Amino acid sequence: MAAELHVELVAADRSVWSGEATLVIARTTSGDIGVMPGHQPLLGVLESGPVTIRTSEGETVVAAVHGGFISFADDKLSLLAEIAELADEIDTQRAERALERAKSDSDAAAERRAEVRLRAVTAAR
């Protein structure tokens, strides 16, 4: 069994993160999943939520992901997201304002996106 897996986190408009990891946790339509080296091949649909990557260097990378697909085979994990941003790229105050605006507009989709962004920032701390 390999000690690490290669991870590619890609959004529709850019490559968000790429590197070696020991664990990736993501939310799928079947529930939360943790992928480690040697995991069984999988293909799934990503739900909106934070994705946590434990790098081979022992660091933690967190991203807010909004929809997409997850694929794993031969110790290569691909996360293909509609929208993805690293927690350290998220402006917390802007996300909080977006959440308040979404609540006042009764916009459930926008509210969910803002909540996911805020959860990613919190998880990265």
# chains A, B, ... in the order shown; residues from 1 in each chain; ligands from 1

call {"tool": "residues_around", "arguments": {"residues": "A:Ala26", "least_positions_apart": "6", "cutoff": "10 Å", "atoms": "only C-alpha atoms", "output": "list in words"}}
result
Asp32, Ile33, Gly34, Val35, Leu46, Glu47, Ser48, Gly49, Pro50, Val51, Thr52, Ile53, Ala63, Val65, Ile70 and Leu79 of chain A

call {"tool": "residues_around", "arguments": {"residues": "A:Ala84", "least_positions_apart": "2", "cutoff": "8 Å", "atoms": "only C-alpha atoms", "output": "ChimeraX atom specification"}}
result
/A:10-11,16,63-66,81-82,86

call {"tool": "atom_distance", "arguments": {"atom1": "atom CA of A:Asp107", "atom2": "atom CA of A:Ala12"}}
result
23.0 Å

call {"tool": "atom_distance", "arguments": {"atom1": "atom CA of A:Glu57", "atom2": "atom CA of A:Glu20"}}
result
8.5 Å

call {"tool": "select_by_dssp", "arguments": {"residues": "stretch 26-100 of chain A", "states": "helix (DSSP H, G or I)", "output": "ChimeraX atom specification"}}
result
/A:87-89,92-100

call {"tool": "select_by_dssp", "arguments": {"residues": "chain A", "states": "strand (DSSP E)", "output": "ChimeraX atom specification"}}
result
/A:5-11,14-28,31-35,42-46,49-55,60-73,76-86
